[in-house]
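Student: Below you'll find the structure I mean.
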Amino acid sequence: MRVLVISDIHANYTALEAVLKNAGEVDATWCLGDMVGYGPDPNAVMEQIREIPNLTCILGNHDMAVIGRIPFEVFNTDARRTLEYHERVLTADNMDFLRSLPSNLKTLGDVSIVHGSPRDSVWEYILNALSARLNFDHFTTAWCLVGHSHLQCMFQLDTNTDRVSLSPIRAGEHYPLRPRAIINPGSVGQPRDRDPRAAYAIYDTESYVWEPRRVEYNISEVQRRIRESNLPEKHAIRLAEGW
């Protein structure tokens, strides 16, 4: 089965559209959360996500905030301002869809999916080998897919030495997976690895191959909509620089 893995769309419909077109035909889609927050297009993104066939989707921290499960006060000023805007403009149907989704780690065959980390499904960032190592004891599958950090990366556990390493990955390459690993497809709508292209991945459930991908999209158009919506300028600037 060919699976599209996406995360951290953050209300960036133009980036999501580019990813769906670039991915081509897939058998299923797994979304690791944070469909809203930061960007100008919460309803367009939600409506597109709801139309995806064979979708498995979980909530991220921004999603949970906009439906009232996390207080806005825990976010920084700019993020909070956008969440307040999204709360005002999201349709009732899109809010209901978000409320229907789980927020905890979910198991799909050989894979676990979660937004933050296996030991903290909402808030923890897996940014280095230490934080990755602390999480391998919190899932039982061969692989765990995470989002939240907006970084396209893979942490591999050597079961013989019990050491974790950050494996270098390049978009467009194919990586045969071996147990065990924590893998992040990167962010569709707001990459933070100094590559502004939308990030995602294709996972083959039969050959156990992971293919990280990047695709260009019209960033200036999204920046224009951010400014027209009177959202924080920081959220427009960072898209072009990938931070």
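Identifiers in the structure tokens: chain A, B, ... in order shown; residue index from 1 per chain; ligand index from 1 in order shown.
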Go through region 82-142 of chain A and collect every residue that DSSP, computed from the backbone, puts in helix (DSSP H, G or I); the answer should be as JSON, numbers by chain.
Tutor: {"A": [82, 83, 84, 85, 86, 87, 88, 89, 92, 93, 94, 95, 96, 97, 98, 99, 129, 130, 131, 132, 133, 136, 137, 138]}
Student: Kindly export the residues of the current selection with N, CA and C atoms, as an mmCIF file, in the first residue's frame.
Tutor:
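Dumped to result.cif:
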```
data_model
loop_
_atom_site.group_PDB
_atom_site.id
_atom_site.type_symbol
_atom_site.label_atom_id
_atom_site.label_comp_id
_atom_site.auth_asym_id
_atom_site.auth_seq_id
_atom_site.Cartn_x
_atom_site.Cartn_y
_atom_site.Cartn_z
ATOM 1 N N THR A 82 -3.316 34.299 15.590
ATOM 2 C CA THR A 82 -3.834 33.540 14.448
ATOM 3 C C THR A 82 -4.879 32.535 14.883
ATOM 4 N N LEU A 83 -4.666 31.881 16.009
ATOM 5 C CA LEU A 83 -5.663 30.925 16.508
ATOM 6 C C LEU A 83 -6.983 31.621 16.813
ATOM 7 N N GLU A 84 -6.923 32.805 17.359
ATOM 8 C CA GLU A 84 -8.151 33.559 17.621
ATOM 9 C C GLU A 84 -8.888 33.871 16.328
ATOM 10 N N TYR A 85 -8.134 34.204 15.279
ATOM 11 C CA TYR A 85 -8.728 34.442 13.967
ATOM 12 C C TYR A 85 -9.353 33.164 13.413
ATOM 13 N N HIS A 86 -8.640 32.045 13.517
ATOM 14 C CA HIS A 86 -9.168 30.781 13.013
ATOM 15 C C HIS A 86 -10.423 30.366 13.766
ATOM 16 N N GLU A 87 -10.429 30.578 15.054
ATOM 17 C CA GLU A 87 -11.621 30.239 15.842
ATOM 18 C C GLU A 87 -12.839 31.021 15.350
ATOM 19 N N ARG A 88 -12.628 32.264 14.941
ATOM 20 C CA ARG A 88 -13.738 33.099 14.463
ATOM 21 C C ARG A 88 -14.245 32.665 13.098
ATOM 22 N N VAL A 89 -13.329 32.251 12.205
ATOM 23 C CA VAL A 89 -13.730 32.037 10.810
ATOM 24 C C VAL A 89 -14.031 30.581 10.452
ATOM 25 N N ALA A 92 -18.842 25.697 11.173
ATOM 26 C CA ALA A 92 -19.306 24.722 12.165
ATOM 27 C C ALA A 92 -18.943 23.306 11.742
ATOM 28 N N ASP A 93 -19.066 23.002 10.447
ATOM 29 C CA ASP A 93 -18.748 21.648 9.965
ATOM 30 C C ASP A 93 -17.267 21.330 10.164
ATOM 31 N N ASN A 94 -16.417 22.303 9.893
ATOM 32 C CA ASN A 94 -14.977 22.069 10.064
ATOM 33 C C ASN A 94 -14.601 21.936 11.534
ATOM 34 N N MET A 95 -15.243 22.714 12.385
ATOM 35 C CA MET A 95 -15.028 22.564 13.826
ATOM 36 C C MET A 95 -15.479 21.186 14.295
ATOM 37 N N ASP A 96 -16.617 20.734 13.813
ATOM 38 C CA ASP A 96 -17.118 19.419 14.212
ATOM 39 C C ASP A 96 -16.179 18.306 13.758
ATOM 40 N N PHE A 97 -15.603 18.470 12.556
ATOM 41 C CA PHE A 97 -14.649 17.478 12.075
ATOM 42 C C PHE A 97 -13.442 17.402 13.005
ATOM 43 N N LEU A 98 -12.911 18.548 13.390
ATOM 44 C CA LEU A 98 -11.774 18.563 14.309
ATOM 45 C C LEU A 98 -12.139 17.897 15.636
ATOM 46 N N ARG A 99 -13.324 18.176 16.133
ATOM 47 C CA ARG A 99 -13.743 17.595 17.418
ATOM 48 C C ARG A 99 -13.880 16.074 17.339
ATOM 49 N N ALA A 129 18.991 13.282 19.198
ATOM 50 C CA ALA A 129 19.076 11.859 19.532
ATOM 51 C C ALA A 129 18.653 11.575 20.969
ATOM 52 N N LEU A 130 18.912 12.502 21.878
ATOM 53 C CA LEU A 130 18.530 12.289 23.272
ATOM 54 C C LEU A 130 17.012 12.247 23.428
ATOM 55 N N SER A 131 16.331 13.249 22.890
ATOM 56 C CA SER A 131 14.870 13.254 23.011
ATOM 57 C C SER A 131 14.260 12.071 22.270
ATOM 58 N N ALA A 132 14.873 11.660 21.159
ATOM 59 C CA ALA A 132 14.384 10.468 20.461
ATOM 60 C C ALA A 132 14.560 9.221 21.314
ATOM 61 N N ARG A 133 15.748 9.063 21.926
ATOM 62 C CA ARG A 133 15.999 7.863 22.737
ATOM 63 C C ARG A 133 15.010 7.731 23.884
ATOM 64 N N PHE A 136 11.690 5.930 22.575
ATOM 65 C CA PHE A 136 11.584 4.589 22.000
ATOM 66 C C PHE A 136 10.890 3.600 22.933
ATOM 67 N N ASP A 137 10.911 3.861 24.216
ATOM 68 C CA ASP A 137 10.241 2.966 25.163
ATOM 69 C C ASP A 137 8.745 3.215 25.251
ATOM 70 N N HIS A 138 8.248 4.191 24.495
ATOM 71 C CA HIS A 138 6.840 4.579 24.619
ATOM 72 C C HIS A 138 6.005 4.176 23.411
#
```
Student: Set the distance at 6 Å and use only C-alpha atoms: which residues neighbour Gly39 (chain A) once local chain neighbours fewer than 2 positions away are removed? I'd like the list as a list of chain:residue names.
Tutor: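 In the requested format, the answer is A:His10, A:Ala11, A:Asn12, A:Gly37, A:Asp41.
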Student: Please produce an output containing C-alpha atoms for each residue in the selection, written as a PDB file, in the first residue's frame.
Tutor:
```
ATOM      1  CA  HIS A  10      -0.973  25.073   9.212  1.00  0.00           C
ATOM      2  CA  ALA A  11      -3.752  26.562   7.107  1.00  0.00           C
ATOM      3  CA  ASN A  12      -1.558  26.790   4.008  1.00  0.00           C
ATOM      4  CA  GLY A  37      -2.628  27.740  12.997  1.00  0.00           C
ATOM      5  CA  ASP A  41      -6.645  29.300   4.823  1.00  0.00           C
TER       6      ASP A  41
END
```
Student: Please provide the set of residues having any atom within 10 Å of Arg2 (chain A), restricted to only C-alpha atoms, with same-chain residues fewer than 6 positions apart removed, written as a list in words.
Tutor: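 Result of the neighbour search: Glu25, Val26, Asp27, Ala28, Thr29, Ile202, Tyr203, Asp204, Thr205, Glu206, Ser207 and Val209 of chain A.
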Student: Would you put the residues from that selection into a file with C-alpha atoms, as a JSON list (two decimals), in the first residue's frame?
Tutor:
```
[["chain", "number", "residue", "atom", "x", "y", "z"],
["A", 25, "GLU", "CA", -2.27, 8.45, -6.68],
["A", 26, "VAL", "CA", -2.01, 6.88, -3.23],
["A", 27, "ASP", "CA", -3.93, 4.18, -1.40],
["A", 28, "ALA", "CA", -4.26, 6.04, 1.89],
["A", 29, "THR", "CA", -3.29, 9.29, 3.60],
["A", 202, "ILE", "CA", 5.48, 8.49, 0.77],
["A", 203, "TYR", "CA", 5.55, 5.26, 2.77],
["A", 204, "ASP", "CA", 5.28, 1.83, 1.13],
["A", 205, "THR", "CA", 3.74, -0.56, 3.65],
["A", 206, "GLU", "CA", 4.77, -3.68, 1.71],
["A", 207, "SER", "CA", 8.41, -2.95, 0.89],
["A", 209, "VAL", "CA", 10.43, 2.03, 2.04]]
```
Student: With only C-alpha atoms as the counted atoms, please give the residues lying no more than 12 Å from region 22-24 of chain A, apart from itself and same-chain residues fewer than 3 positions off, as a list in words.
Tutor: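 Selected residues are Arg2, Val3, Leu4, Val5, Ile6, Ala15, Leu16, Glu17, Ala18, Val19, Asp27, Ala28, Thr29, Gly172, Ala198, Ala199, Tyr200, Ala201, Ile202, Tyr203, Glu211, Pro212, Arg213, Arg214, Val215, Glu216 and Tyr217 of chain A.
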Student: For the residues in the current selection, export C-alpha atoms as a CSV table (one decimal), in the first residue's frame.
Tutor:
```csv
chain,number,residue,atom,x,y,z
A,2,ARG,CA,1.3,3.4,-0.9
A,3,VAL,CA,0.6,5.9,1.8
A,4,LEU,CA,0.9,9.7,1.7
A,5,VAL,CA,2.2,11.0,5.1
A,6,ILE,CA,1.6,14.7,5.8
A,15,ALA,CA,1.2,24.2,-0.1
A,16,LEU,CA,-1.3,21.4,0.6
A,17,GLU,CA,-2.6,21.6,-3.0
A,18,ALA,CA,1.0,21.3,-4.4
A,19,VAL,CA,1.7,18.3,-2.2
A,27,ASP,CA,-3.9,4.2,-1.4
A,28,ALA,CA,-4.3,6.0,1.9
A,29,THR,CA,-3.3,9.3,3.6
A,172,GLY,CA,13.6,12.1,-3.5
A,198,ALA,CA,6.5,22.0,1.2
A,199,ALA,CA,7.6,18.7,2.8
A,200,TYR,CA,5.9,15.3,3.0
A,201,ALA,CA,6.7,11.6,2.5
A,202,ILE,CA,5.5,8.5,0.8
A,203,TYR,CA,5.6,5.3,2.8
A,211,GLU,CA,10.5,8.4,0.5
A,212,PRO,CA,10.8,12.0,1.8
A,213,ARG,CA,9.8,14.6,-0.7
A,214,ARG,CA,9.8,18.4,-1.3
A,215,VAL,CA,7.7,20.4,-3.7
A,216,GLU,CA,7.7,24.1,-4.6
A,217,TYR,CA,4.6,26.2,-4.3
```
Student: So, with only C-alpha atoms as the atoms that count, which of A:Leu166, A:Leu127, A:Ile182, A:Ile226 lies closest to Pro42 (chain A)?
Tutor: A:Ile226
Student: Go through A:Leu90, A:Leu59, A:Ile67, A:Met154 and flag the residue nearest Val45 (chain A), using only C-alpha atoms for the distances.
Tutor: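 Closest candidate: A:Leu90.
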Student: In terms of the shortest atom-to-atom distance over only C-alpha atoms, which of A:Arg225, A:His174, A:Arg163, A:Lys21 is closest to Tyr38 (chain A)?
Tutor: A:Arg225
Student: What is the CA of Val146 (chain A) to CA of Pro185 (chain A) distance in Å?
Tutor: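 These two atoms are separated by 7.6 Å.
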Student: For Pro232 (chain A), please output as number ranges by chain all residues within 8 Å (counting only C-alpha atoms; exclusion window: fewer than 3 positions along the same chain).
Tutor: A: 78, 81-82, 226-227, 235-236
Student: Could you write out that same residue set with N, CA and C atoms as an mmCIF file, in the first residue's frame?
Tutor:
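Below is the file that was written, part.cif:
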```cif
data_model
loop_
_atom_site.group_PDB
_atom_site.id
_atom_site.type_symbol
_atom_site.label_atom_id
_atom_site.label_comp_id
_atom_site.auth_asym_id
_atom_site.auth_seq_id
_atom_site.Cartn_x
_atom_site.Cartn_y
_atom_site.Cartn_z
ATOM 1 N N ASP A 78 2.016 35.789 18.642
ATOM 2 C CA ASP A 78 1.668 35.689 17.219
ATOM 3 C C ASP A 78 0.827 34.453 16.935
ATOM 4 N N ARG A 81 -2.704 34.999 18.241
ATOM 5 C CA ARG A 81 -3.483 35.911 17.391
ATOM 6 C C ARG A 81 -4.090 35.191 16.195
ATOM 7 N N THR A 82 -3.316 34.299 15.590
ATOM 8 C CA THR A 82 -3.834 33.540 14.448
ATOM 9 C C THR A 82 -4.879 32.535 14.883
ATOM 10 N N ILE A 226 -1.902 36.086 3.901
ATOM 11 C CA ILE A 226 -1.615 36.322 5.316
ATOM 12 C C ILE A 226 -1.756 37.810 5.635
ATOM 13 N N ARG A 227 -1.197 38.643 4.788
ATOM 14 C CA ARG A 227 -1.252 40.086 5.019
ATOM 15 C C ARG A 227 -2.664 40.631 4.841
ATOM 16 N N HIS A 235 4.697 35.455 10.202
ATOM 17 C CA HIS A 235 4.220 34.218 9.578
ATOM 18 C C HIS A 235 4.329 34.271 8.063
ATOM 19 N N ALA A 236 4.325 35.459 7.502
ATOM 20 C CA ALA A 236 4.535 35.607 6.062
ATOM 21 C C ALA A 236 6.014 35.510 5.716
#
```
Student: Which residue out of A:Ile9, A:Ala181, A:Val188, A:Leu151 has the minimum interatomic distance to Trp243 (chain A) when only C-alpha atoms are used?
Tutor: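 When distances to Trp243 (chain A) are compared using only C-alpha atoms, the smallest one comes from A:Leu151.
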Student: Name the closest residue to Lys106 (chain A) among the candidates A:Trp143, A:Phe72, A:Tyr208, A:Tyr13; distances are taken between atoms, counting only C-alpha atoms.
Tutor: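 Of all the options, A:Trp143 lies closest to Lys106 (chain A).
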Student: How many Å lie between CA of Phe139 (chain A) and CA of Asp158 (chain A), rounded to one decimal?
Tutor: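 Separation between CA of Phe139 (chain A) and CA of Asp158 (chain A): 15.6 Å.
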Student: Name all residues at most 6 Å from Ser165 (chain A) (count only C-alpha atoms; drop same-chain ones fewer than 2 positions away) and give them as a PDB file with C-alpha atoms, in the first residue's frame.
Tutor:
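Ended up saving to out-v7.pdb:
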```pdb
ATOM      1  CA  ALA A 129      19.076  11.859  19.532  1.00  0.00           C
ATOM      2  CA  PHE A 155      16.115   8.856  14.174  1.00  0.00           C
ATOM      3  CA  GLN A 156      17.311   5.245  14.078  1.00  0.00           C
ATOM      4  CA  SER A 167      20.119   9.502   9.943  1.00  0.00           C
TER       5      SER A 167
END
```
Student: In Å, how far is it from CA of Arg224 (chain A) to CA of Pro191 (chain A)?
Tutor: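 Separating CA of Arg224 (chain A) from CA of Pro191 (chain A) is a distance of 18.1 Å.
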